[in-house]
Amino acid sequence: MDADKLSSLSQADTDEGMGEFWDTHDFTEVDNLDLPDVKFTAVRAAPIEVELFAASERQVPMIHSISLSQEVYILLQQRAQQARTSPDALAEDALRRQLGLAESSWQQAFDRLLAKVQARSAGFDPAEIEADITAAADEVKELRRARRAG
């Protein structure tokens with residue numbers, strides 16, 4: 001951290017100072033309820049061995065493109081939408097299977113779990129699910145406001 005800059009929350013000028021601040025505080029003490037929540041999408045998370053992670057960080061990620069006919073790409077988009085995934089992820093999965101690249105056991109277990117969750121929620125309207133999540137988040141914000149005010 002630059003010595004002439006202060007952290008906006010902890011007012012610390014070092015990483016150690018910020019660490020000390022967060023050792024004695026939590027996010028609910030500094031959450032600005034007037035600001036909109038940050039929206040994000042979690043794609044996949046899984047435990048990984050430290051050595052494997054370190055090795056993967058040393059590799060430069062490479063993105064390659066391939067050409068597809070319009071007909072194949074439209075079908076890929078439709079199937080990806082049905083599977084609730086991206087066309088890129090579906091294409092990579094199909095190519096891995098075609099090339100005989102075995103998935104790791106955690107990936108297979110995760111995919112089975114994800115399929116179960118998607119099957120259980122298939123009967124619900126995505127807008128209804130989103131509305132329930134938003135209502136729950138609003139309820140938590142109100143509880144925090146009440147706790148701070150009270």
# chains A, B, ... in the order shown; residues from 1 in each chain; ligands from 1
>>> residues_around(residues="segment 22-26 of chain A", least_positions_apart="6", cutoff="12 Å", atoms="only C-alpha atoms", output="PyMOL selection string")
chain A and resi 7+9-12+15-16
>>> atom_distance(atom1="atom CA of Leu90 of chain A", atom2="atom CA of Ile66 of chain A")
14.0 Å
>>> atom_distance(atom1="atom CA of Tyr73 of chain A", atom2="atom CA of Ala109 of chain A")
28.3 Å
>>> residues_around(residues="Asp88 of chain A", least_positions_apart="3", cutoff="12 Å", atoms="only C-alpha atoms", output="list in words")
Ile63, His64, Ser65, Ile66, Tyr73, Leu76, Gln77, Arg79, Ala80, Gln81, Arg84, Thr85, Ala91, Glu92, Asp93, Ala94 and Leu95 of chain A
>>> atom_distance(atom1="atom CA of Arg96 of chain A", atom2="atom CA of Ala119 of chain A")
24.1 Å
